[in-house]
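Read through the structure below, which is laid out as structure tokens, and then see the notes.
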Amino acid sequence: MIRLSKRLALWALPVLVASHAAAQRAPSAGAQASAAHAGAASVLAAHPRHRSQPRQPATGPVEIGIAAFNDFHGALLPPHQAVLVPNGTGKPTPEGNTAIPAGGVAWMASTLDAVRAKYPNHVTVSAGDLISGSPITSSLFLDEPSVGAMNRMGLEFNALGNHEFDRGRLEILRMAHGGCEQYTVRKPCALEPYGKPRFTFLAANTLTQDGTPLLPPTGMKFFGQGKRRVGIGFIGMTLRGTGDISPPAGVKGLRWADEAKTANHYAPLLRRQGADVVALLIHQGGRVRNDPADPNGCTDLYGDIREILDRLDPSIDLVISGHTHWAYVCDYVGKKPNPDGTPHHVLLTSAGLWGEEVTDIDVLVDPLRHRMISAHAHNVVVQSDPYQGPKGMVEGSDAMPRFKPRPDIAAYVERYVAATKQYSARKVGYLAQGAAKTEGPESSTGGPLGHLIADAQLAATKGAGAQIAFMNPFGVRASLWPGEDKSLTFGQIYAVQPFGNQLMTVTMTGAQIKATLEEGFDTIGVQQALSPSAGFTYSYDRSHPVGERITGMTLHGLPLDPAASYRVTISDFLANGGDTFTIFTKGIDKTPGEIDLAALEAWLAQSPPRPMPADQRDIDLRPDLNPNRNTPPPGMHY
């Protein structure tokens, strides 16, 4: 049981409130409750499946159900991934687990309905990365169908994650406010008009040039009337490092404030506005070491979320997190005690990714003393249809609910599946063997797949004088497995490179190339070794001081001359300083090229079947010093 501090005094600032039966919701006034955001208080139409609900008791605590998820990433169709749950034997993973087929937005809709049906009062929220980094069915249409599905499923608040910024500031404003203005390579509204979402995007720590949030920082929902009226407030934000991993040109003029300081600023404002419970929706998270794997466990929580939790004000009751793709439910004791000196317990949750789980949070509120009495949570697996995995059929289990796809959502998604088929099913080339996206400690390198992409980019820009190409490992989004005839489809390569970056060839000195590679091993951001094209080799040693870790560089067997000039091809994301590779911005004589995905398609089509690179190009001389020990969540492969 989680017990937290009593609420603060009421706040005198104005409140935007929209009636919805016995419940009401609105964004808080916050730092920028302007006319531009007044539309965020629009009425959310009741879903017909929610009309029959349990009766609310006339006395005692008020119960609120929160249905939460995170990192949906436009996963409209089942991702053919499994959630591992303990099988009761107590054996370690994998012997101690059952694999449950999970995900698919139509199945997710049924799961949300089942969770919400338990509660007379409920609210549905997301902790970021709702869109982008998405499969082709959603991404090809700029994730408009994902928003459309969420409208139909009753989502009410979504905190911005880092991937919401992949297509730039203007596009995220379009996604938040509606419209068909074009800010990307692809044209919006290709299948239907895109209207204003029926839910609110929250962005408390995403600040514009004048210091105000880009979108509403907070949201509020009220339940009941009179003395039994209670409110729950949400603070929504992304990780403060979002700018380092977003396209620099697209987020120019934005900055991201410290997560804990931002949350601590808005929590008392929400209390004064009438919130009896304050929940933080944050796109930052942790990892756990449950063995056997357990989506409801919290053994040895580690990661960036801990430092944030330790600095949170005790007036924050719940933290719904994301970003790491791990699932967990934790009773976390923060370092800041309650006003009465007792330990402050925070309920921390995360629901994995791709809509494979929904967190069912049960909150009891004392309406007379205006405080949360208790909070409990568990992750509900969105069990969907069995699928053929690499080691056989993943059948699932009758020990937990098997959900059926909700017909209206399934029909809606099918419209986009049909519209996508002419693109996704088209064969684009042949690959001699599979190429896995690197995972675990090796995820900071691109591996053979990163090398394959770099080779494709070099070949595509030979006309611009390219001699070397570099691919950033974190831009490789999925593995590449050819069919029995070694063929690959457009949908497969799209999953590997879904962002539509333009290639750029620039002139750099050998010294600048070395300085750029050094940036991959500095103390800013996550370390990553750029994947080079064939003919270029470099070695690095983390035992050396920062700035002196690149120990050798050769091009076609000859040492790189620090004073000589070389033509280097990269994506426009890197050319603008993305992933903290700032030296690329100093490249001169810039020659724009084609889209990165087109380069990969052309490379795969030239020499069927294209062999996978097998040479060693980026050489780690001290792999024992690799700080990246993060493994993928149990049962999941990218």
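Numbering starts fresh at 1 for the residues of each chain in the structure tokens, the chains themselves are lettered A, B, ... in the order given, and ligands are numbered from 1 as they appear.
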Once you count only C-alpha atoms, what closest atom pair and distance in Å to one decimal does each residue of segment 291-311 of chain A within 12 Å of segment 226-247 of chain A have, with rows by chain and rising residue number, as JSON lines?
```
{"residue": "A:Asp304", "atom": "CA", "partner": "A:Leu239", "partner_atom": "CA", "distance": 9.4}
{"residue": "A:Ile305", "atom": "CA", "partner": "A:Leu239", "partner_atom": "CA", "distance": 9.5}
{"residue": "A:Ile308", "atom": "CA", "partner": "A:Leu239", "partner_atom": "CA", "distance": 10.2}
```
Write out, as a short mmCIF file (atom, residue, chain, number, x, y, z; two decimals), in the first residue's frame, the residues just selected, with N, CA, C and O atoms.
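Output contents, as saved in again_12.cif:
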```
data_model
loop_
_atom_site.label_atom_id
_atom_site.label_comp_id
_atom_site.auth_asym_id
_atom_site.auth_seq_id
_atom_site.Cartn_x
_atom_site.Cartn_y
_atom_site.Cartn_z
N ASP A 304 17.97 6.23 -15.04
CA ASP A 304 17.89 7.68 -14.83
C ASP A 304 16.69 8.12 -14.00
O ASP A 304 16.70 9.20 -13.42
N ILE A 305 15.65 7.31 -13.95
CA ILE A 305 14.46 7.72 -13.21
C ILE A 305 14.73 7.83 -11.71
O ILE A 305 14.09 8.63 -11.02
N ILE A 308 15.69 11.29 -10.52
CA ILE A 308 14.54 12.19 -10.57
C ILE A 308 13.62 11.93 -9.39
O ILE A 308 13.17 12.87 -8.71
#
```
- Using the chain letters and numbers from this document, which residues of segment 353-487 of chain A does DSSP assign to helix (DSSP H, G or I), as a PyMOL selection string? chain A and resi 407-424+440-444+447-460+462-464+473-475
- Which of these, A:Thr461, A:Thr516, A:Ser321, A:Ser444, has the shortest distance to Arg629 of chain A once you count only C-alpha atoms?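 For Arg629 of chain A, the nearest of the given residues is A:Ser444.
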- Which of these residues is nearest to Ser374 of chain A, using only C-alpha atoms: A:Ala351, A:Leu202, A:Ile320, A:Val346? A:Val346
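For the pair atom CA of Pro343 of chain A and atom CA of Asp294 of chain A, the interatomic distance is 26.4 Å.
Of the listed residues (A:Gly520, A:Gly334, A:Gly128, A:Gly525), A:Gly334 comes nearest to Arg306 of chain A; the distances count only C-alpha atoms.
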- Message: For a quick check of understanding, using only C-alpha atoms, which of A:Ser543, A:Arg272, A:Thr206, A:Ser384 has the smallest distance to Arg622 of chain A?
- Response: A:Ser543
- A:Leu191, A:Leu560, A:Leu84, A:Leu431 ranked by distance to Pro482 of chain A, top pick (using only C-alpha atoms):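 Checking each of A:Leu191, A:Leu560, A:Leu84, A:Leu431 against Pro482 of chain A, counting only C-alpha atoms, the winner is A:Leu431.
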- Message: Please determine, counting only C-alpha atoms, which residue among A:Asp362, A:Asp291, A:Glu357, A:Glu259 has the shortest atom-to-atom distance to Pro92 of chain A.
- Response: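 Among the listed residues, the smallest separation from Pro92 of chain A belongs to A:Asp291.
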- Distance query Asn121 of chain A at most 7 Å, only C-alpha atoms, self and fewer than 3 positions along chain excluded, as an NGL selection string: :A and (63-65 or 223)
Now that the selection is made, can you save its residues with N, CA, C and O atoms as a CSV table (one decimal), in the first residue's frame?
```csv
chain,number,residue,atom,x,y,z
A,63,GLU,N,-12.9,6.1,-5.3
A,63,GLU,CA,-12.0,5.3,-6.1
A,63,GLU,C,-11.8,5.8,-7.5
A,63,GLU,O,-12.8,6.2,-8.2
A,64,ILE,N,-10.6,5.9,-7.9
A,64,ILE,CA,-10.3,6.4,-9.3
A,64,ILE,C,-9.4,5.3,-10.0
A,64,ILE,O,-8.4,4.8,-9.4
A,65,GLY,N,-9.8,4.9,-11.2
A,65,GLY,CA,-8.9,4.0,-11.9
A,65,GLY,C,-8.2,4.7,-13.0
A,65,GLY,O,-8.7,5.5,-13.7
A,223,PHE,N,-14.0,14.4,-10.6
A,223,PHE,CA,-15.0,13.4,-10.5
A,223,PHE,C,-15.9,13.7,-9.3
A,223,PHE,O,-15.5,14.2,-8.3
```
- Item | Between atom CA of Ala418 of chain A and atom CA of Val382 of chain A, distance in Å (one decimal) |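 We find that atom CA of Ala418 of chain A and atom CA of Val382 of chain A lie 24.1 Å from each other.
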- Task: Mind checking which residues fall within 10 Å of Met471 of chain A, counting only C-alpha atoms, ignoring those fewer than 4 positions away in the same chain, and posting them as a ChimeraX atom specification?
- Result: /A:445-446,449-455,457,475-476,529-533,569-571,574
- Message: Quick check, in Å to one decimal: how far apart do atom CA of Arg426 of chain A and atom CA of Pro135 of chain A lie?
- Response: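 Distance reported for this atom pair: 15.4 Å.
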- Item | Test item: residues at most 7 Å from Tyr430 of chain A, only C-alpha atoms, excluding those fewer than 2 positions along its chain, as JSON, numbers by chain | {"A": [432, 486, 487, 488, 604, 605, 608, 609, 610]}
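Residues in contact with Pro314 of chain A at 7 Å, where only C-alpha atoms are counted and same-chain residues fewer than 6 positions away are skipped, are listed as Ser5, Lys336, Pro337, Asn338 and His344 of chain A.
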Shell around Ala375 of chain A at 12 Å using only C-alpha atoms, local window under 6 positions removed, as a PDB file with N, CA, C and O atoms, in the first residue's frame:
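What ended up in around37.pdb:
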```pdb
ATOM      1  N   MET A   1       0.845  -1.192   0.000  1.00  0.00           N
ATOM      2  CA  MET A   1       0.000   0.000   0.000  1.00  0.00           C
ATOM      3  C   MET A   1       0.881   1.242   0.000  1.00  0.00           C
ATOM      4  O   MET A   1       1.884   1.308   0.696  1.00  0.00           O
ATOM      5  N   ILE A   2       0.478   2.245  -0.776  1.00  0.00           N
ATOM      6  CA  ILE A   2       1.201   3.502  -0.846  1.00  0.00           C
ATOM      7  C   ILE A   2       0.415   4.555  -0.089  1.00  0.00           C
ATOM      8  O   ILE A   2      -0.749   4.802  -0.382  1.00  0.00           O
ATOM      9  N   ARG A   3       1.029   5.203   0.879  1.00  0.00           N
ATOM     10  CA  ARG A   3       0.390   6.296   1.590  1.00  0.00           C
ATOM     11  C   ARG A   3       1.199   7.567   1.362  1.00  0.00           C
ATOM     12  O   ARG A   3       2.417   7.549   1.429  1.00  0.00           O
ATOM     13  N   LEU A   4       0.521   8.652   1.125  1.00  0.00           N
ATOM     14  CA  LEU A   4       1.224   9.874   0.818  1.00  0.00           C
ATOM     15  C   LEU A   4       0.676  11.039   1.613  1.00  0.00           C
ATOM     16  O   LEU A   4      -0.325  10.939   2.300  1.00  0.00           O
ATOM     17  N   VAL A  62     -13.205   7.768  -2.322  1.00  0.00           N
ATOM     18  CA  VAL A  62     -13.553   7.817  -3.743  1.00  0.00           C
ATOM     19  C   VAL A  62     -12.479   7.047  -4.507  1.00  0.00           C
ATOM     20  O   VAL A  62     -11.284   7.291  -4.347  1.00  0.00           O
ATOM     21  N   GLU A  63     -12.918   6.101  -5.322  1.00  0.00           N
ATOM     22  CA  GLU A  63     -11.985   5.276  -6.084  1.00  0.00           C
ATOM     23  C   GLU A  63     -11.828   5.825  -7.494  1.00  0.00           C
ATOM     24  O   GLU A  63     -12.808   6.160  -8.157  1.00  0.00           O
ATOM     25  N   ILE A  64     -10.583   5.915  -7.940  1.00  0.00           N
ATOM     26  CA  ILE A  64     -10.260   6.355  -9.302  1.00  0.00           C
ATOM     27  C   ILE A  64      -9.399   5.284  -9.961  1.00  0.00           C
ATOM     28  O   ILE A  64      -8.412   4.815  -9.381  1.00  0.00           O
ATOM     29  N   GLY A  65      -9.760   4.902 -11.163  1.00  0.00           N
ATOM     30  CA  GLY A  65      -8.947   3.978 -11.943  1.00  0.00           C
ATOM     31  C   GLY A  65      -8.171   4.721 -13.012  1.00  0.00           C
ATOM     32  O   GLY A  65      -8.733   5.543 -13.744  1.00  0.00           O
ATOM     33  N   ILE A  66      -6.881   4.460 -13.092  1.00  0.00           N
ATOM     34  CA  ILE A  66      -6.037   5.056 -14.133  1.00  0.00           C
ATOM     35  C   ILE A  66      -5.568   3.940 -15.053  1.00  0.00           C
ATOM     36  O   ILE A  66      -4.952   2.970 -14.604  1.00  0.00           O
ATOM     37  N   VAL A 277      -4.950  14.340  -5.945  1.00  0.00           N
ATOM     38  CA  VAL A 277      -3.875  13.419  -6.324  1.00  0.00           C
ATOM     39  C   VAL A 277      -3.076  14.092  -7.428  1.00  0.00           C
ATOM     40  O   VAL A 277      -3.652  14.685  -8.344  1.00  0.00           O
ATOM     41  N   VAL A 278      -1.748  14.021  -7.343  1.00  0.00           N
ATOM     42  CA  VAL A 278      -0.884  14.552  -8.393  1.00  0.00           C
ATOM     43  C   VAL A 278      -0.067  13.408  -8.978  1.00  0.00           C
ATOM     44  O   VAL A 278       0.622  12.677  -8.245  1.00  0.00           O
ATOM     45  N   ALA A 279      -0.174  13.231 -10.285  1.00  0.00           N
ATOM     46  CA  ALA A 279       0.556  12.176 -10.993  1.00  0.00           C
ATOM     47  C   ALA A 279       1.495  12.798 -12.016  1.00  0.00           C
ATOM     48  O   ALA A 279       1.126  13.741 -12.718  1.00  0.00           O
ATOM     49  N   ASP A 317       2.289  12.080  -5.962  1.00  0.00           N
ATOM     50  CA  ASP A 317       1.853  10.781  -5.468  1.00  0.00           C
ATOM     51  C   ASP A 317       2.239   9.609  -6.354  1.00  0.00           C
ATOM     52  O   ASP A 317       2.566   8.532  -5.870  1.00  0.00           O
ATOM     53  N   LEU A 318       2.137   9.795  -7.676  1.00  0.00           N
ATOM     54  CA  LEU A 318       2.319   8.707  -8.633  1.00  0.00           C
ATOM     55  C   LEU A 318       3.279   9.150  -9.722  1.00  0.00           C
ATOM     56  O   LEU A 318       3.270  10.319 -10.129  1.00  0.00           O
ATOM     57  N   VAL A 319       4.065   8.215 -10.232  1.00  0.00           N
ATOM     58  CA  VAL A 319       4.931   8.493 -11.375  1.00  0.00           C
ATOM     59  C   VAL A 319       4.707   7.396 -12.410  1.00  0.00           C
ATOM     60  O   VAL A 319       4.990   6.218 -12.158  1.00  0.00           O
ATOM     61  N   VAL A 329       6.450  -2.356 -11.742  1.00  0.00           N
ATOM     62  CA  VAL A 329       5.585  -1.694 -10.770  1.00  0.00           C
ATOM     63  C   VAL A 329       6.380  -1.629  -9.473  1.00  0.00           C
ATOM     64  O   VAL A 329       6.747  -2.669  -8.915  1.00  0.00           O
ATOM     65  N   CYS A 330       6.646  -0.416  -9.001  1.00  0.00           N
ATOM     66  CA  CYS A 330       7.547  -0.229  -7.860  1.00  0.00           C
ATOM     67  C   CYS A 330       6.910   0.624  -6.775  1.00  0.00           C
ATOM     68  O   CYS A 330       6.242   1.616  -7.074  1.00  0.00           O
ATOM     69  N   ASP A 331       7.158   0.242  -5.529  1.00  0.00           N
ATOM     70  CA  ASP A 331       6.885   1.096  -4.381  1.00  0.00           C
ATOM     71  C   ASP A 331       8.223   1.737  -4.026  1.00  0.00           C
ATOM     72  O   ASP A 331       9.066   1.125  -3.371  1.00  0.00           O
ATOM     73  N   HIS A 345       6.421   7.439   0.056  1.00  0.00           N
ATOM     74  CA  HIS A 345       6.334   6.356  -0.918  1.00  0.00           C
ATOM     75  C   HIS A 345       5.726   6.884  -2.219  1.00  0.00           C
ATOM     76  O   HIS A 345       4.720   7.591  -2.202  1.00  0.00           O
ATOM     77  N   VAL A 346       6.351   6.520  -3.324  1.00  0.00           N
ATOM     78  CA  VAL A 346       5.848   6.886  -4.648  1.00  0.00           C
ATOM     79  C   VAL A 346       5.560   5.609  -5.427  1.00  0.00           C
ATOM     80  O   VAL A 346       6.403   4.704  -5.494  1.00  0.00           O
ATOM     81  N   LEU A 347       4.376   5.513  -6.003  1.00  0.00           N
ATOM     82  CA  LEU A 347       4.065   4.393  -6.880  1.00  0.00           C
ATOM     83  C   LEU A 347       4.623   4.706  -8.259  1.00  0.00           C
ATOM     84  O   LEU A 347       4.232   5.690  -8.889  1.00  0.00           O
ATOM     85  N   LEU A 348       5.565   3.883  -8.713  1.00  0.00           N
ATOM     86  CA  LEU A 348       6.224   4.064 -10.005  1.00  0.00           C
ATOM     87  C   LEU A 348       5.825   2.926 -10.925  1.00  0.00           C
ATOM     88  O   LEU A 348       5.932   1.756 -10.560  1.00  0.00           O
ATOM     89  N   THR A 349       5.379   3.263 -12.140  1.00  0.00           N
ATOM     90  CA  THR A 349       4.945   2.234 -13.082  1.00  0.00           C
ATOM     91  C   THR A 349       5.510   2.483 -14.472  1.00  0.00           C
ATOM     92  O   THR A 349       5.872   3.601 -14.829  1.00  0.00           O
ATOM     93  N   ASP A 360      -2.958  -0.984 -14.860  1.00  0.00           N
ATOM     94  CA  ASP A 360      -4.205  -0.776 -14.127  1.00  0.00           C
ATOM     95  C   ASP A 360      -3.834  -0.219 -12.752  1.00  0.00           C
ATOM     96  O   ASP A 360      -3.267  -0.925 -11.916  1.00  0.00           O
ATOM     97  N   ILE A 361      -4.129   1.064 -12.528  1.00  0.00           N
ATOM     98  CA  ILE A 361      -3.782   1.739 -11.270  1.00  0.00           C
ATOM     99  C   ILE A 361      -5.067   2.057 -10.516  1.00  0.00           C
ATOM    100  O   ILE A 361      -5.949   2.732 -11.038  1.00  0.00           O
ATOM    101  N   ASP A 362      -5.161   1.570  -9.309  1.00  0.00           N
ATOM    102  CA  ASP A 362      -6.337   1.740  -8.452  1.00  0.00           C
ATOM    103  C   ASP A 362      -5.981   2.716  -7.332  1.00  0.00           C
ATOM    104  O   ASP A 362      -5.127   2.415  -6.489  1.00  0.00           O
ATOM    105  N   VAL A 363      -6.621   3.875  -7.337  1.00  0.00           N
ATOM    106  CA  VAL A 363      -6.320   4.937  -6.376  1.00  0.00           C
ATOM    107  C   VAL A 363      -7.541   5.185  -5.491  1.00  0.00           C
ATOM    108  O   VAL A 363      -8.663   5.313  -6.000  1.00  0.00           O
ATOM    109  N   LEU A 364      -7.335   5.255  -4.181  1.00  0.00           N
ATOM    110  CA  LEU A 364      -8.384   5.634  -3.236  1.00  0.00           C
ATOM    111  C   LEU A 364      -8.077   7.008  -2.679  1.00  0.00           C
ATOM    112  O   LEU A 364      -6.942   7.281  -2.251  1.00  0.00           O
ATOM    113  N   VAL A 365      -9.103   7.879  -2.683  1.00  0.00           N
ATOM    114  CA  VAL A 365      -8.937   9.262  -2.265  1.00  0.00           C
ATOM    115  C   VAL A 365      -9.897   9.564  -1.122  1.00  0.00           C
ATOM    116  O   VAL A 365     -11.080   9.195  -1.184  1.00  0.00           O
TER     117      VAL A 365
END
```
- Message: Taking the DSSP secondary structure from the backbone, can you list the residues of segment 445-585 of chain A that are strand (DSSP E), as a PyMOL selection string?
- Response: chain A and resi 468-471+487-489+502-509+531-532+536-540+550-555+558-559+565-571
